[in-house]
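Colleague: Dropping in structure08.pdb, with PDB, C-alpha atoms.
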ATOM      1  CA  MET A   1      89.133  97.548  91.623
ATOM      2  CA  LEU A   2      92.485  98.057  89.897
ATOM      3  CA  ASP A   3      94.373  96.817  92.958
ATOM      4  CA  PHE A   4      92.231  93.689  93.022
ATOM      5  CA  PHE A   5      92.860  93.017  89.328
ATOM      6  CA  ILE A   6      96.636  93.465  89.684
ATOM      7  CA  GLN A   7      96.807  91.080  92.621
ATOM      8  CA  ALA A   8      94.448  88.607  90.875
ATOM      9  CA  ILE A   9      96.876  88.335  87.958
ATOM     10  CA  GLY A  10      99.574  87.316  90.405
ATOM     11  CA  PHE A  11      97.377  84.696  92.050
ATOM     12  CA  VAL A  12      96.706  83.040  88.692
ATOM     13  CA  ALA A  13     100.480  82.991  88.160
ATOM     14  CA  ILE A  14     100.789  81.336  91.575
ATOM     15  CA  ALA A  15      98.602  78.442  90.463
ATOM     16  CA  LEU A  16     100.688  77.913  87.322
ATOM     17  CA  ASN A  17     103.982  77.960  89.236
ATOM     18  CA  LEU A  18     102.686  75.548  91.864
ATOM     19  CA  LEU A  19     101.495  73.158  89.167
ATOM     20  CA  ALA A  20     104.844  73.374  87.373
ATOM     21  CA  VAL A  21     106.913  71.769  90.144
ATOM     22  CA  GLN A  22     104.386  68.957  90.533
ATOM     23  CA  PHE A  23     105.264  67.603  87.102
ATOM     24  CA  ASN A  24     108.161  65.221  86.599
ATOM     25  CA  LYS A  25     108.683  65.988  82.920
ATOM     26  CA  TYR A  26     110.957  68.825  81.823
ATOM     27  CA  HIS A  27     108.810  70.335  79.071
ATOM     28  CA  LYS A  28     105.685  70.486  81.257
ATOM     29  CA  ILE A  29     107.638  72.199  84.030
ATOM     30  CA  ILE A  30     109.002  74.775  81.584
ATOM     31  CA  LEU A  31     105.593  75.360  79.962
ATOM     32  CA  PHE A  32     103.827  76.181  83.212
ATOM     33  CA  LYS A  33     106.768  78.204  84.553
ATOM     34  CA  THR A  34     106.807  80.263  81.347
ATOM     35  CA  LEU A  35     103.078  80.960  81.505
ATOM     36  CA  GLY A  36     103.437  82.004  85.138
ATOM     37  CA  SER A  37     106.320  84.325  84.272
ATOM     38  CA  ALA A  38     104.247  85.932  81.512
ATOM     39  CA  LEU A  39     101.539  86.814  84.013
ATOM     40  CA  PHE A  40     104.085  88.199  86.471
ATOM     41  CA  VAL A  41     105.508  90.393  83.679
ATOM     42  CA  LEU A  42     102.025  91.844  83.263
ATOM     43  CA  GLN A  43     101.603  92.312  87.007
ATOM     44  CA  TYR A  44     104.964  94.041  87.469
ATOM     45  CA  PHE A  45     104.209  96.324  84.515
ATOM     46  CA  MET A  46     100.916  97.335  86.096
ATOM     47  CA  PHE A  47     102.647  97.996  89.421
ATOM     48  CA  ALA A  48     105.158 100.220  87.644
ATOM     49  CA  PHE A  49     102.721 101.994  85.307
ATOM     50  CA  PHE A  50      99.676 102.478  87.523
ATOM     51  CA  LYS A  51     101.334 102.572  90.955
ATOM     52  CA  ASN A  52     104.452 104.517  89.916
ATOM     53  CA  ASP A  53     106.667 101.848  91.472
ATOM     54  CA  SER A  54     109.819 101.995  89.352
ATOM     55  CA  THR A  55     111.409  99.063  91.209
ATOM     56  CA  ALA A  56     108.769  96.784  89.685
ATOM     57  CA  TYR A  57     110.493  97.230  86.304
ATOM     58  CA  ILE A  58     113.319  95.062  87.630
ATOM     59  CA  GLY A  59     111.024  92.080  88.093
ATOM     60  CA  MET A  60     109.325  92.766  84.764
ATOM     61  CA  PHE A  61     112.567  92.772  82.786
ATOM     62  CA  MET A  62     113.921  89.736  84.627
ATOM     63  CA  ASP A  63     110.789  87.693  83.960
ATOM     64  CA  GLY A  64     110.734  88.909  80.352
ATOM     65  CA  VAL A  65     114.247  87.606  79.785
ATOM     66  CA  GLY A  66     113.224  84.419  81.581
ATOM     67  CA  ILE A  67     110.380  83.748  79.145
ATOM     68  CA  PHE A  68     112.638  83.995  76.095
ATOM     69  CA  ARG A  69     115.292  81.930  77.893
ATOM     70  CA  ASN A  70     112.840  79.132  78.686
ATOM     71  CA  ILE A  71     111.742  78.903  75.065
ATOM     72  CA  VAL A  72     115.345  78.628  73.855
ATOM     73  CA  PHE A  73     116.325  76.059  76.486
ATOM     74  CA  SER A  74     113.253  73.936  75.835
ATOM     75  CA  ASN A  75     113.838  73.991  72.090
ATOM     76  CA  ASN A  76     117.510  73.018  72.506
ATOM     77  CA  ILE A  77     116.662  70.076  74.764
ATOM     78  CA  LYS A  78     113.900  68.990  72.406
ATOM     79  CA  ASN A  79     116.407  68.948  69.544
ATOM     80  CA  GLN A  80     119.083  67.346  71.754
ATOM     81  CA  LYS A  81     121.363  70.388  71.547
ATOM     82  CA  SER A  82     123.639  71.687  74.302
ATOM     83  CA  ASN A  83     122.434  74.623  76.395
ATOM     84  CA  LYS A  84     125.975  75.650  77.373
ATOM     85  CA  ASN A  85     126.224  78.650  75.036
ATOM     86  CA  ALA A  86     122.632  79.662  75.782
ATOM     87  CA  VAL A  87     123.355  79.626  79.536
ATOM     88  CA  ILE A  88     126.289  81.989  79.022
ATOM     89  CA  LEU A  89     124.247  84.267  76.742
ATOM     90  CA  PHE A  90     121.232  84.518  79.044
ATOM     91  CA  SER A  91     123.401  84.934  82.119
ATOM     92  CA  ILE A  92     125.003  87.965  80.445
ATOM     93  CA  LEU A  93     121.606  89.304  79.329
ATOM     94  CA  THR A  94     120.186  88.788  82.814
ATOM     95  CA  PHE A  95     123.082  90.722  84.334
ATOM     96  CA  ILE A  96     122.821  93.571  81.811
ATOM     97  CA  PHE A  97     119.030  93.937  82.068
ATOM     98  CA  GLY A  98     119.172  93.573  85.825
ATOM     99  CA  LEU A  99     121.898  96.175  86.254
ATOM    100  CA  GLY A 100     120.114  98.547  83.900
ATOM    101  CA  SER A 101     116.830  98.103  85.740
ATOM    102  CA  ILE A 102     118.451  98.720  89.113
ATOM    103  CA  ILE A 103     120.154 101.897  87.857
ATOM    104  CA  PHE A 104     116.852 103.069  86.385
ATOM    105  CA  ALA A 105     115.005 102.469  89.649
ATOM    106  CA  TRP A 106     117.799 104.199  91.569
ATOM    107  CA  ASN A 107     117.714 107.305  89.348
ATOM    108  CA  GLU A 108     113.915 107.485  89.451
ATOM    109  CA  THR A 109     113.954 107.391  93.240
ATOM    110  CA  LEU A 110     116.730 109.993  93.535
ATOM    111  CA  ASN A 111     114.602 112.393  91.495
ATOM    112  CA  GLU A 112     111.935 112.262  94.200
ATOM    113  CA  ILE A 113     114.062 112.618  97.338
ATOM    114  CA  THR A 114     116.887 114.719  98.762
ATOM    115  CA  PHE A 115     120.066 113.546 100.418
ATOM    116  CA  THR A 116     118.814 114.920 103.716
ATOM    117  CA  ASP A 117     115.791 112.686 103.537
ATOM    118  CA  ASN A 118     115.743 109.635 105.811
ATOM    119  CA  ARG A 119     114.459 107.637 102.853
ATOM    120  CA  VAL A 120     117.894 107.722 101.225
ATOM    121  CA  LEU A 121     119.203 104.951 103.450
ATOM    122  CA  ALA A 122     116.048 102.940 102.834
ATOM    123  CA  THR A 123     116.475 103.454  99.083
ATOM    124  CA  ILE A 124     120.073 102.249  99.177
ATOM    125  CA  ILE A 125     118.967  99.125 101.029
ATOM    126  CA  MET A 126     116.157  98.648  98.514
ATOM    127  CA  VAL A 127     118.562  98.774  95.577
ATOM    128  CA  PHE A 128     120.828  96.151  97.103
ATOM    129  CA  ILE A 129     117.847  93.929  97.838
ATOM    130  CA  SER A 130     116.705  94.386  94.238
ATOM    131  CA  ILE A 131     119.950  92.707  93.207
ATOM    132  CA  LEU A 132     118.321  89.541  94.551
ATOM    133  CA  ALA A 133     116.042  89.613  91.493
ATOM    134  CA  VAL A 134     119.109  89.334  89.269
ATOM    135  CA  LEU A 135     120.582  86.572  91.422
ATOM    136  CA  ALA A 136     117.291  84.675  91.308
ATOM    137  CA  LYS A 137     117.242  84.780  87.522
ATOM    138  CA  LEU A 138     120.863  83.688  87.256
ATOM    139  CA  ILE A 139     120.105  80.631  89.396
ATOM    140  CA  SER A 140     116.979  79.808  87.416
ATOM    141  CA  THR A 141     118.926  80.255  84.166
ATOM    142  CA  ILE A 142     121.192  77.425  85.254
ATOM    143  CA  SER A 143     118.367  75.259  86.574
ATOM    144  CA  TYR A 144     116.127  75.457  83.490
ATOM    145  CA  SER A 145     119.016  74.535  81.215
ATOM    146  CA  ILE A 146     119.161  71.141  82.958
ATOM    147  CA  LYS A 147     116.722  68.474  81.865
ATOM    148  CA  ASN A 148     116.577  66.745  85.264
ATOM    149  CA  PRO A 149     113.285  67.731  87.036
ATOM    150  CA  HIS A 150     114.761  66.957  90.478
ATOM    151  CA  THR A 151     117.601  69.445  89.920
ATOM    152  CA  ILE A 152     115.153  72.079  88.703
ATOM    153  CA  ARG A 153     113.066  71.691  91.855
ATOM    154  CA  MET A 154     116.085  71.867  94.156
ATOM    155  CA  LEU A 155     117.352  75.063  92.514
ATOM    156  CA  ASN A 156     113.863  76.500  92.908
ATOM    157  CA  ILE A 157     114.555  76.764  96.639
ATOM    158  CA  PRO A 158     117.229  79.538  96.597
ATOM    159  CA  THR A 159     115.443  81.195  93.669
ATOM    160  CA  SER A 160     112.179  81.385  95.601
ATOM    161  CA  ILE A 161     113.884  82.787  98.694
ATOM    162  CA  CYS A 162     115.378  85.615  96.606
ATOM    163  CA  TRP A 163     112.000  86.412  95.050
ATOM    164  CA  ILE A 164     110.191  86.353  98.405
ATOM    165  CA  ILE A 165     112.428  89.149  99.679
ATOM    166  CA  TYR A 166     112.194  91.093  96.408
ATOM    167  CA  ASN A 167     108.398  90.835  96.155
ATOM    168  CA  ALA A 168     108.027  91.929  99.772
ATOM    169  CA  MET A 169     109.923  95.099  98.861
ATOM    170  CA  VAL A 170     107.612  95.941  95.935
ATOM    171  CA  PHE A 171     104.519  94.927  97.911
ATOM    172  CA  SER A 172     103.545  92.136  95.544
ATOM    173  CA  ILE A 173     101.423  90.035  97.892
ATOM    174  CA  ALA A 174     100.831  87.437  95.209
ATOM    175  CA  GLY A 175     104.557  87.176  94.550
ATOM    176  CA  VAL A 176     105.408  86.585  98.197
ATOM    177  CA  VAL A 177     102.634  84.023  98.583
ATOM    178  CA  SER A 178     103.595  82.353  95.305
ATOM    179  CA  ASP A 179     107.226  81.734  96.153
ATOM    180  CA  SER A 180     106.447  80.770  99.739
ATOM    181  CA  MET A 181     104.011  78.171  98.457
ATOM    182  CA  THR A 182     106.502  77.097  95.791
ATOM    183  CA  LEU A 183     108.951  76.138  98.535
ATOM    184  CA  ILE A 184     106.261  73.998 100.144
ATOM    185  CA  SER A 185     105.224  72.599  96.769
ATOM    186  CA  VAL A 186     108.817  71.598  95.974
ATOM    187  CA  ILE A 187     109.040  69.646  99.226
ATOM    188  CA  ILE A 188     105.705  67.939  98.546
ATOM    189  CA  ALA A 189     106.747  67.061  94.986
ATOM    190  CA  GLU A 190     110.085  65.621  96.114
ATOM    191  CA  ILE A 191     108.396  63.454  98.760
ATOM    192  CA  ARG A 192     105.730  62.347  96.279
ATOM    193  CA  PHE A 193     108.154  61.372  93.521
ATOM    194  CA  LYS A 194     110.502  59.716  96.011
ATOM    195  CA  ASP A 195     107.649  57.582  97.319
ATOM    196  CA  LYS A 196     106.612  56.627  93.784
ATOM    197  CA  LYS A 197     110.179  55.619  92.989
ATOM    198  CA  GLU A 198     110.403  53.467  96.109
ATOM    199  CA  GLU A 199     107.056  51.846  95.334
ATOM    200  CA  LYS A 200     108.224  50.625  91.900
ATOM    201  CA  PRO A 201     108.763  46.843  92.020
ATOM    202  CA  LEU A 202     112.266  45.576  91.358
ATOM    203  CA  LYS A 203     112.731  43.941  87.982
ATOM    204  CA  SER A 204     113.424  40.245  88.120
ATOM    205  CA  THR A 205     116.952  39.189  87.205
ATOM    206  CA  ASN A 206     115.854  35.647  86.355
TER     207      ASN A 206
END
As structure tokens, what does this structure read like?

Modeller:
Amino acid sequence: MLDFFIQAIGFVAIALNLLAVQFNKYHKIILFKTLGSALFVLQYFMFAFFKNDSTAYIGMFMDGVGIFRNIVFSNNIKNQKSNKNAVILFSILTFIFGLGSIIFAWNETLNEITFTDNRVLATIIMVFISILAVLAKLISTISYSIKNPHTIRMLNIPTSICWIIYNAMVFSIAGVVSDSMTLISVIIAEIRFKDKKEEKPLKSTN
């Protein structure tokens, strides 16, 4: 029952993330992305707390920083302020939280294994793959600071690829499905908005 509930949280987040890229207005994209991130924070926490998966803390911290970042970016754009300083700040925070989370996960795992264990190599690989979570957040930090919806969708592509690999490592089925579908959703949205743009009649110059 608990496993079902944890995965269900992720699937609700999927729906919100898929809806986000189908909008062509910045604030709607950010709203739905932020709500989706909030649910993934909850899911990662439950993976870590109930399933003793310390690597899930990485995703939880990264999404937590992302929520606060989105609120700041959205507010700055609403008030026509530059996001330059905020991008620098959240990039630094993302790096610090990400590095701290990776070290924490590494130490937790080392407490459970010995250096003669074959799992050591797998753990080392896992830590390096977890760095993808940090990279994903750095890319999204840049993308969500830009008001252009097309740019946000395009930068969603490398971000989603990073998260697909990360979520596969922490066995978040919903996360893998979410970002795989996000890639498809981005393509659909780009085709849809391109078609709408081409369908607009040319204004008369007379």

Colleague: Using all atoms listed in the file, which residues sit within 10 Å of Lys84 (chain A) once same-chain residues fewer than 6 positions away are excluded, as a list in words?

Modeller: Phe73, Ile142, Ser145 and Ile146 of chain A

Colleague: So the first atom is CA of Thr141 (chain A) and the second is CA of Arg192 (chain A); what is the distance between them in Å, to one decimal place?

Modeller: 25.3 Å

Colleague: Contacts of region 185-189 of chain A at 6 Å or less, counting only C-alpha atoms, minus same-chain residues fewer than 3 places along, as a CSV table (one decimal) with C-alpha atoms, in the frame of the given file?

Modeller:
chain,number,residue,atom,x,y,z
A,22,GLN,CA,104.4,69.0,90.5
A,153,ARG,CA,113.1,71.7,91.9
A,181,MET,CA,104.0,78.2,98.5
A,182,THR,CA,106.5,77.1,95.8
A,192,ARG,CA,105.7,62.3,96.3

Colleague: Hey, what's within 8 Å of region 32-35 of chain A if we count all atoms listed in the file and toss same-chain stuff fewer than 2 positions away? As a PyMOL selection string, please?

Modeller: chain A and resi 13+16-17+19-20+28-30+37-39+66-67+70

Colleague: Tell me which protein, DNA and RNA residues are within 9 Å of region 63-65 of chain A, counting only C-alpha atoms, leaving out same-chain ones fewer than 3 positions away, and put them as a PyMOL selection string.

Modeller: chain A and resi 34+37-38+40-41+58-60+68-70+90+93-94+97+137

Colleague: Residues of the last selection are to be written out with C-alpha atoms, as a PDB file, in the frame of the given file.

Modeller:
ATOM      1  CA  THR A  34     106.807  80.263  81.347  1.00  0.00           C
ATOM      2  CA  SER A  37     106.320  84.325  84.272  1.00  0.00           C
ATOM      3  CA  ALA A  38     104.247  85.932  81.512  1.00  0.00           C
ATOM      4  CA  PHE A  40     104.085  88.199  86.471  1.00  0.00           C
ATOM      5  CA  VAL A  41     105.508  90.393  83.679  1.00  0.00           C
ATOM      6  CA  ILE A  58     113.319  95.062  87.630  1.00  0.00           C
ATOM      7  CA  GLY A  59     111.024  92.080  88.093  1.00  0.00           C
ATOM      8  CA  MET A  60     109.325  92.766  84.764  1.00  0.00           C
ATOM      9  CA  PHE A  68     112.638  83.995  76.095  1.00  0.00           C
ATOM     10  CA  ARG A  69     115.292  81.930  77.893  1.00  0.00           C
ATOM     11  CA  ASN A  70     112.840  79.132  78.686  1.00  0.00           C
ATOM     12  CA  PHE A  90     121.232  84.518  79.044  1.00  0.00           C
ATOM     13  CA  LEU A  93     121.606  89.304  79.329  1.00  0.00           C
ATOM     14  CA  THR A  94     120.186  88.788  82.814  1.00  0.00           C
ATOM     15  CA  PHE A  97     119.030  93.937  82.068  1.00  0.00           C
ATOM     16  CA  LYS A 137     117.242  84.780  87.522  1.00  0.00           C
TER      17      LYS A 137
END

Colleague: Using all atoms listed in the file, find the one residue out of A:Leu99, A:Leu42, A:Met1, A:Ala86 that sits nearest to Ala56 (chain A).

Modeller: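 For Ala56 (chain A), the nearest of the given residues is A:Leu42.
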
Colleague: Please, what distance in Å, to one decimal, runs between CA of Ala168 (chain A) and CA of Ser180 (chain A)?

Modeller: 11.3 Å

Colleague: Leaving out region 158-166 of chain A and any residue of its chain fewer than 6 positions from it, which residues lie within 7 Å of it when counting all atoms listed in the file, given as a list in words?

Modeller: Ile129, Ser130, Leu132, Ala133, Ala136, Ile139, Ser140, Gly175, Val176, Asp179, Ser180 and Leu183 of chain A

Colleague: Could you tell me how far CA of Leu89 (chain A) lies from CA of Gly36 (chain A), in Å and to one decimal?

Modeller: 22.6 Å
